[in-house]
>>> print(open('start_30.txt').read())   # compact mmCIF, C-alpha atoms
# COMPACT_ATOMS: atom_id res chain seq x y z
CA MET M 25 -17.59 -71.55 65.70
CA VAL M 26 -16.02 -69.78 68.66
CA PHE M 27 -12.52 -70.25 70.07
CA VAL M 28 -12.54 -69.66 73.82
CA THR M 29 -9.04 -68.56 74.72
CA ASP M 30 -6.95 -66.03 76.61
CA PRO M 31 -3.62 -64.27 75.94
CA MET M 32 -2.16 -65.43 79.27
CA CYS M 33 -3.47 -69.01 79.21
CA SER M 34 -0.51 -71.39 78.88
CA TRP M 35 -2.36 -74.24 77.17
CA CYS M 36 -3.94 -71.71 74.82
CA TRP M 37 -0.43 -70.82 73.66
CA GLY M 38 0.25 -74.52 73.20
CA MET M 39 -2.74 -74.62 70.85
CA ALA M 40 -2.14 -71.22 69.24
CA ASP M 41 -0.66 -72.51 65.97
CA SER M 42 -3.59 -74.86 65.46
CA ILE M 43 -6.09 -72.08 66.11
CA LYS M 44 -4.22 -69.83 63.70
CA GLU M 45 -4.11 -72.54 61.03
CA ILE M 46 -7.80 -73.41 61.37
CA TYR M 47 -8.79 -69.76 61.30
CA GLU M 48 -6.82 -69.01 58.15
CA LYS M 49 -8.02 -72.17 56.41
CA TYR M 50 -11.72 -71.93 57.21
CA LYS M 51 -12.54 -68.26 57.85
CA ALA M 52 -14.07 -67.94 54.37
CA LYS M 53 -16.21 -71.05 54.95
CA ILE M 54 -17.23 -70.91 58.60
CA GLU M 55 -18.07 -67.92 60.76
CA LEU M 56 -15.32 -67.86 63.38
CA ASP M 57 -15.02 -65.72 66.49
CA LEU M 58 -13.11 -65.32 69.74
CA MET M 59 -14.45 -65.47 73.28
CA LEU M 60 -12.06 -64.24 75.96
CA GLY M 61 -11.77 -66.49 78.97
CA GLY M 62 -9.96 -64.30 81.47
CA MET M 63 -7.08 -65.40 83.70
CA ASN M 64 -6.91 -64.32 87.35
CA THR M 65 -8.88 -61.19 86.52
CA ASP M 66 -9.26 -60.18 90.18
CA SER M 67 -5.58 -60.64 91.01
CA THR M 68 -3.56 -57.62 92.10
CA ASP M 69 -0.48 -59.32 93.59
CA CYS M 70 2.78 -59.86 91.72
CA VAL M 71 3.68 -63.46 90.94
CA GLY M 72 6.01 -64.84 93.60
CA ASP M 73 8.68 -67.54 93.49
CA TYR M 74 6.21 -70.39 93.89
CA GLY M 75 4.04 -69.07 91.07
CA LYS M 76 7.04 -68.69 88.78
CA LYS M 77 8.22 -72.24 89.50
CA PHE M 78 4.72 -73.53 88.83
CA LEU M 79 4.61 -71.76 85.46
CA MET M 80 8.05 -73.07 84.47
CA HIS M 81 6.95 -76.62 85.26
CA LEU M 82 3.68 -76.15 83.37
CA TRP M 83 5.40 -74.61 80.34
CA ASN M 84 7.86 -77.48 80.17
CA GLU M 85 4.95 -79.95 80.21
CA ILE M 86 3.19 -78.05 77.41
CA HIS M 87 6.40 -77.79 75.39
CA GLN M 88 6.99 -81.53 75.71
CA THR M 89 3.39 -82.28 74.74
CA THR M 90 2.91 -79.84 71.87
CA GLY M 91 6.41 -78.80 70.77
CA LYS M 92 5.36 -75.16 71.12
CA GLU M 93 8.19 -72.71 71.78
CA PHE M 94 8.56 -71.11 75.20
CA GLY M 95 11.22 -68.65 76.30
CA PHE M 96 11.04 -69.92 79.90
CA LYS M 97 11.40 -66.42 81.30
CA LEU M 98 8.98 -64.11 83.02
CA PRO M 99 8.80 -60.37 83.59
CA HIS M 100 10.77 -59.39 86.69
CA SER M 101 7.68 -58.10 88.43
CA TYR M 102 4.19 -58.60 87.04
CA VAL M 103 0.62 -59.49 87.95
CA HIS M 104 -0.75 -62.57 86.18
CA ASN M 105 -4.02 -60.87 85.31
CA SER M 106 -5.22 -60.85 81.70
CA LEU M 107 -7.88 -58.13 81.98
CA LEU M 108 -5.88 -55.40 80.21
CA PRO M 109 -4.69 -57.50 77.25
CA CYS M 110 -8.25 -58.87 76.87
CA LEU M 111 -9.60 -55.31 76.76
CA ALA M 112 -7.07 -54.54 74.03
CA ILE M 113 -8.15 -57.59 72.00
CA GLU M 114 -11.82 -56.67 72.43
CA LEU M 115 -11.17 -53.18 71.08
CA VAL M 116 -9.64 -54.63 67.94
CA LYS M 117 -12.21 -57.43 67.66
CA SER M 118 -15.09 -54.97 67.54
CA GLU M 119 -13.60 -53.52 64.35
CA ASP M 120 -11.69 -56.36 62.66
CA ILE M 121 -11.77 -60.03 63.71
CA ASP M 122 -8.74 -60.86 61.53
CA ARG M 123 -6.63 -58.30 63.36
CA ALA M 124 -7.98 -59.52 66.71
CA PHE M 125 -6.66 -63.03 66.01
CA ASP M 126 -3.32 -61.50 64.98
CA LEU M 127 -3.12 -59.38 68.13
CA LEU M 128 -3.94 -62.38 70.30
CA TYR M 129 -1.08 -64.32 68.73
CA GLU M 130 1.37 -61.44 69.10
CA LEU M 131 0.49 -60.91 72.75
CA GLN M 132 0.91 -64.63 73.44
CA SER M 133 4.29 -64.62 71.68
CA LEU M 134 5.48 -61.59 73.63
CA PHE M 135 4.55 -63.18 76.95
CA PHE M 136 5.38 -66.85 76.48
CA VAL M 137 8.47 -66.52 74.27
CA LYS M 138 9.97 -63.12 75.01
CA GLY M 139 8.93 -62.77 78.64
CA ALA M 140 7.28 -59.37 78.12
CA ASN M 141 4.72 -58.02 80.56
CA ILE M 142 1.56 -57.85 78.44
CA ASN M 143 -0.39 -56.74 81.50
CA ASP M 144 1.18 -53.32 81.01
CA MET M 145 -0.84 -50.43 79.60
CA HIS M 146 2.24 -48.75 78.12
CA LEU M 147 3.12 -51.85 76.09
CA LEU M 148 -0.47 -52.25 74.89
CA LEU M 149 -0.68 -48.60 73.83
CA GLU M 150 2.47 -49.11 71.79
CA LEU M 151 1.06 -52.19 70.07
CA LEU M 152 -2.50 -51.13 69.29
CA PRO M 153 -1.72 -48.57 66.55
CA ASN M 154 -0.39 -51.52 64.51
CA TYR M 155 -3.93 -52.94 64.65
CA GLY M 156 -5.87 -49.84 63.66
CA VAL M 157 -6.42 -48.30 67.11
CA THR M 158 -4.57 -45.10 67.95
CA ARG M 159 -3.01 -44.56 71.37
CA GLU M 160 -5.61 -41.89 72.12
CA GLN M 161 -8.51 -44.11 71.08
CA ALA M 162 -7.16 -47.03 73.06
CA SER M 163 -6.50 -45.00 76.20
CA LEU M 164 -10.08 -43.72 76.21
CA ALA M 165 -11.83 -46.89 75.06
CA MET M 166 -10.14 -49.29 77.48
CA ASP M 167 -11.64 -47.28 80.32
CA GLN M 168 -15.15 -47.25 78.87
CA SER M 169 -17.75 -49.22 80.78
CA SER M 170 -19.22 -50.65 77.54
CA VAL M 171 -15.92 -52.32 76.60
CA LYS M 172 -15.37 -53.58 80.13
CA GLU M 173 -18.91 -55.00 80.22
CA ARG M 174 -18.40 -56.88 76.94
CA VAL M 175 -15.22 -58.43 78.27
CA LYS M 176 -16.76 -59.19 81.65
CA PHE M 177 -19.68 -60.92 79.92
CA GLN M 178 -17.24 -63.15 78.04
CA PHE M 179 -15.31 -63.95 81.22
CA GLU M 180 -18.50 -64.91 83.05
CA ASN M 181 -19.87 -67.08 80.24
CA SER M 182 -16.71 -68.68 78.84
CA ARG M 183 -16.81 -71.62 81.26
CA SER M 184 -20.56 -72.20 81.22
CA PHE M 185 -20.65 -74.59 78.26
CA GLY M 186 -19.67 -77.84 79.95
CA THR M 187 -15.98 -77.37 80.64
CA SER M 188 -13.99 -75.24 83.05
CA VAL M 189 -10.75 -75.44 81.05
CA LEU M 190 -9.18 -73.23 78.43
CA PRO M 191 -8.83 -73.41 75.50
CA SER M 192 -12.14 -74.72 74.25
CA MET M 193 -14.27 -74.54 71.12
CA LEU M 194 -18.00 -73.92 70.76
CA PHE M 195 -20.43 -74.30 67.90
CA ASP M 196 -23.92 -72.94 67.29
CA ASP M 197 -26.46 -75.68 66.60
CA GLY M 198 -29.22 -73.18 65.88
CA GLU M 199 -30.43 -73.19 69.46
CA GLY M 200 -27.35 -71.67 71.06
CA TYR M 201 -23.70 -72.44 71.57
CA LYS M 202 -22.63 -75.93 72.60
CA LEU M 203 -19.23 -77.31 73.60
CA LEU M 204 -17.34 -78.84 70.67
CA LEU M 205 -13.91 -79.42 72.22
CA GLY M 206 -12.61 -78.76 75.71
CA GLY M 207 -8.90 -78.51 76.38
CA TYR M 208 -5.89 -78.83 74.08
CA ALA M 209 -6.44 -80.16 70.56
CA ASP M 210 -4.14 -80.12 67.55
CA THR M 211 -5.12 -79.22 63.98
CA GLU M 212 -5.90 -82.80 62.97
CA ILE M 213 -8.24 -83.34 65.92
CA ILE M 214 -10.04 -80.06 65.22
CA GLU M 215 -10.50 -80.86 61.53
CA ASN M 216 -11.72 -84.37 62.24
CA THR M 217 -14.20 -82.99 64.78
CA LEU M 218 -15.46 -80.42 62.30
CA SER M 219 -15.91 -83.08 59.63
CA ARG M 220 -17.93 -85.33 61.95
CA LEU M 221 -20.03 -82.39 63.09
CA ASN M 222 -20.73 -81.32 59.51
CA GLU M 223 -21.68 -84.85 58.44
CA ARG M 224 -23.99 -85.23 61.41
CA GLY M 225 -25.72 -81.88 61.36
CA ASN M 226 -25.09 -80.11 58.05
CA TYR M 227 -24.12 -76.94 59.89
CA TRP M 228 -22.44 -75.48 56.82
CA PRO M 229 -23.52 -75.22 53.17
CA LYS M 230 -23.21 -78.47 51.22
CA SER M 231 -20.83 -76.76 48.80
CA ILE M 232 -18.31 -76.39 51.61
CA HIS M 233 -15.84 -79.22 52.01
CA ILE M 234 -14.26 -79.20 55.46
CA ASN M 235 -11.32 -81.38 54.45
>>> encode(input="start_30.txt", output="structure tokens")
Amino acid sequence: MVFVTDPMCSWCWGMADSIKEIYEKYKAKIELDLMLGGMNTDSTDCVGDYGKKFLMHLWNEIHQTTGKEFGFKLPHSYVHNSLLPCLAIELVKSEDIDRAFDLLYELQSLFFVKGANINDMHLLLELLPNYGVTREQASLAMDQSSVKERVKFQFENSRSFGTSVLPSMLFDDGEGYKLLLGGYADTEIIENTLSRLNERGNYWPKSIHIN
């Protein structure tokens, strides 16, 4: 199963606790992975007043819907472009998927709760050694075409499974990935969906009990 998400996607933060809970509960039973969706990856302009007001309104809606904590503050001057933090996650993911999920959650927390600019190379280079990537390795690798191509491939394919929204979840039916859930879902909805899928298709060993 693949979680399609992004460190700067607001609804992905609203669903972050559920993703974390499902991952920890089922990672020994189901092969789980991340696909990075990409947010405004061509943007080079700083977010203006209108954009900030839009985000505050959106975050309040998500907070009211999910109960997820928001700090309701933004970096003074930043570009809402998730390419750099996605490159950082991809570096970690290629070595350790557990740490990649942890880094995703920390980056989301820094941005949505603390108002930190996670689209900042200096901040990322400070964080990555905590996830097994030295500053020197990160500085070189994040500029490598192979890493950029892997991330670009995920950006280009993340919305080709029947939904244009993030977050979403995919599953492999043996013939390729299919959309399982599109948009926000809490832990109960995810688990119920997994149970129905397992009963219908036997996608996991019979010894595994989803509930």
>>> residues_around(input="start_30.txt", residues="M:Ala40", least_positions_apart="3", cutoff="9 Å", atoms="all atoms listed in the file", output="PyMOL selection string")
chain M and resi 35-37+43-45+92+129+132
>>> write_last_selection(input="start_30.txt", atoms="C-alpha atoms", output="PDB file, keeping the file's coordinate frame")
ATOM      1  CA  TRP M  35      -2.360 -74.240  77.170  1.00  0.00           C
ATOM      2  CA  CYS M  36      -3.940 -71.710  74.820  1.00  0.00           C
ATOM      3  CA  TRP M  37      -0.430 -70.820  73.660  1.00  0.00           C
ATOM      4  CA  ILE M  43      -6.090 -72.080  66.110  1.00  0.00           C
ATOM      5  CA  LYS M  44      -4.220 -69.830  63.700  1.00  0.00           C
ATOM      6  CA  GLU M  45      -4.110 -72.540  61.030  1.00  0.00           C
ATOM      7  CA  LYS M  92       5.360 -75.160  71.120  1.00  0.00           C
ATOM      8  CA  TYR M 129      -1.080 -64.320  68.730  1.00  0.00           C
ATOM      9  CA  GLN M 132       0.910 -64.630  73.440  1.00  0.00           C
TER      10      GLN M 132
END
>>> residues_around(input="start_30.txt", residues="M:Thr29", least_positions_apart="6", cutoff="8 Å", atoms="only C-alpha atoms", output="PyMOL selection string")
chain M and resi 36+58-61+190-192
>>> closest_residue(input="start_30.txt", among="M:Thr211, M:Gln161, M:Met25, M:Ile121", to="M:Lys53", atoms="only C-alpha atoms")
M:Met25
>>> closest_residue(input="start_30.txt", among="M:Leu218, M:Leu98, M:Leu205, M:Ala162", to="M:Phe136", atoms="all atoms listed in the file")
M:Leu98
>>> residues_around(input="start_30.txt", residues="M:Asp73", least_positions_apart="4", cutoff="12 Å", atoms="all atoms listed in the file", output="PDB file with C-alpha atoms, in the coordinates of the input")
ATOM      1  CA  LYS M  77       8.220 -72.240  89.500  1.00  0.00           C
ATOM      2  CA  PHE M  78       4.720 -73.530  88.830  1.00  0.00           C
ATOM      3  CA  LEU M  79       4.610 -71.760  85.460  1.00  0.00           C
ATOM      4  CA  MET M  80       8.050 -73.070  84.470  1.00  0.00           C
ATOM      5  CA  LEU M  98       8.980 -64.110  83.020  1.00  0.00           C
ATOM      6  CA  HIS M 100      10.770 -59.390  86.690  1.00  0.00           C
ATOM      7  CA  SER M 101       7.680 -58.100  88.430  1.00  0.00           C
ATOM      8  CA  TYR M 102       4.190 -58.600  87.040  1.00  0.00           C
TER       9      TYR M 102
END
>>> closest_residue(input="start_30.txt", among="M:Asp210, M:Glu48, M:Asp167, M:Asp41", to="M:Met145", atoms="only C-alpha atoms")
M:Asp167
>>> build_atoms(input="start_30.txt", residues="stretch 167-178 of chain M", atoms="all heavy atoms", output="compact mmCIF listing (two decimals), in the coordinates of the input")
# COMPACT_ATOMS: atom_id res chain seq x y z
N ASP M 167 -11.07 -47.69 79.04
CA ASP M 167 -11.64 -47.28 80.32
C ASP M 167 -13.16 -47.12 80.23
O ASP M 167 -13.80 -46.78 81.22
CB ASP M 167 -11.00 -45.96 80.78
CG ASP M 167 -11.24 -45.69 82.26
OD1 ASP M 167 -11.12 -46.64 83.06
OD2 ASP M 167 -11.58 -44.55 82.61
N GLN M 168 -13.71 -47.39 79.05
CA GLN M 168 -15.15 -47.25 78.87
C GLN M 168 -15.88 -48.44 79.48
O GLN M 168 -15.47 -49.58 79.32
CB GLN M 168 -15.50 -47.14 77.38
CG GLN M 168 -15.09 -45.82 76.75
CD GLN M 168 -15.44 -45.76 75.27
OE1 GLN M 168 -15.88 -46.77 74.69
NE2 GLN M 168 -15.24 -44.62 74.67
N SER M 169 -17.00 -48.15 80.13
CA SER M 169 -17.75 -49.22 80.78
C SER M 169 -18.31 -50.21 79.77
O SER M 169 -18.41 -51.41 80.05
CB SER M 169 -18.89 -48.63 81.61
OG SER M 169 -19.76 -47.86 80.79
N SER M 170 -18.64 -49.75 78.55
CA SER M 170 -19.22 -50.65 77.54
C SER M 170 -18.22 -51.72 77.13
O SER M 170 -18.58 -52.90 76.96
CB SER M 170 -19.68 -49.86 76.31
OG SER M 170 -18.59 -49.16 75.73
N VAL M 171 -16.95 -51.35 76.96
CA VAL M 171 -15.92 -52.32 76.60
C VAL M 171 -15.67 -53.28 77.76
O VAL M 171 -15.58 -54.49 77.57
CB VAL M 171 -14.61 -51.61 76.20
CG1 VAL M 171 -13.52 -52.62 75.85
CG2 VAL M 171 -14.84 -50.67 75.02
N LYS M 172 -15.59 -52.75 78.95
CA LYS M 172 -15.37 -53.58 80.13
C LYS M 172 -16.53 -54.56 80.33
O LYS M 172 -16.31 -55.72 80.71
CB LYS M 172 -15.20 -52.71 81.37
CG LYS M 172 -13.90 -51.92 81.39
CD LYS M 172 -13.79 -51.08 82.65
CE LYS M 172 -12.46 -50.35 82.71
NZ LYS M 172 -12.34 -49.51 83.92
N GLU M 173 -17.75 -54.12 80.06
CA GLU M 173 -18.91 -55.00 80.22
C GLU M 173 -18.89 -56.13 79.19
O GLU M 173 -19.25 -57.26 79.51
CB GLU M 173 -20.21 -54.19 80.10
CG GLU M 173 -20.52 -53.35 81.32
CD GLU M 173 -20.65 -54.16 82.59
OE1 GLU M 173 -21.33 -55.21 82.56
OE2 GLU M 173 -20.07 -53.76 83.61
N ARG M 174 -18.48 -55.83 77.97
CA ARG M 174 -18.40 -56.88 76.94
C ARG M 174 -17.38 -57.94 77.34
O ARG M 174 -17.62 -59.14 77.18
CB ARG M 174 -18.03 -56.28 75.58
CG ARG M 174 -19.09 -55.41 74.96
CD ARG M 174 -18.93 -55.27 73.46
NE ARG M 174 -17.64 -54.80 73.04
CZ ARG M 174 -17.32 -53.53 72.86
NH1 ARG M 174 -18.23 -52.57 73.08
NH2 ARG M 174 -16.12 -53.18 72.43
N VAL M 175 -16.26 -57.49 77.84
CA VAL M 175 -15.22 -58.43 78.27
C VAL M 175 -15.67 -59.21 79.50
O VAL M 175 -15.48 -60.43 79.59
CB VAL M 175 -13.89 -57.69 78.53
CG1 VAL M 175 -12.88 -58.60 79.20
CG2 VAL M 175 -13.32 -57.16 77.22
N LYS M 176 -16.27 -58.52 80.44
CA LYS M 176 -16.76 -59.19 81.65
C LYS M 176 -17.79 -60.26 81.31
O LYS M 176 -17.79 -61.35 81.89
CB LYS M 176 -17.37 -58.16 82.60
CG LYS M 176 -17.88 -58.75 83.91
CD LYS M 176 -18.49 -57.67 84.81
CE LYS M 176 -19.04 -58.28 86.10
NZ LYS M 176 -19.68 -57.24 86.95
N PHE M 177 -18.68 -59.95 80.35
CA PHE M 177 -19.68 -60.92 79.92
C PHE M 177 -19.01 -62.18 79.37
O PHE M 177 -19.44 -63.30 79.66
CB PHE M 177 -20.58 -60.30 78.84
CG PHE M 177 -21.60 -61.24 78.28
CD1 PHE M 177 -22.79 -61.48 78.95
CD2 PHE M 177 -21.37 -61.92 77.09
CE1 PHE M 177 -23.74 -62.36 78.44
CE2 PHE M 177 -22.31 -62.80 76.57
CZ PHE M 177 -23.50 -63.02 77.26
N GLN M 178 -17.96 -62.01 78.58
CA GLN M 178 -17.24 -63.15 78.04
C GLN M 178 -16.57 -63.95 79.14
O GLN M 178 -16.63 -65.19 79.15
CB GLN M 178 -16.21 -62.67 77.02
CG GLN M 178 -16.83 -62.09 75.76
CD GLN M 178 -15.81 -61.47 74.85
OE1 GLN M 178 -14.96 -62.16 74.29
NE2 GLN M 178 -15.88 -60.15 74.67
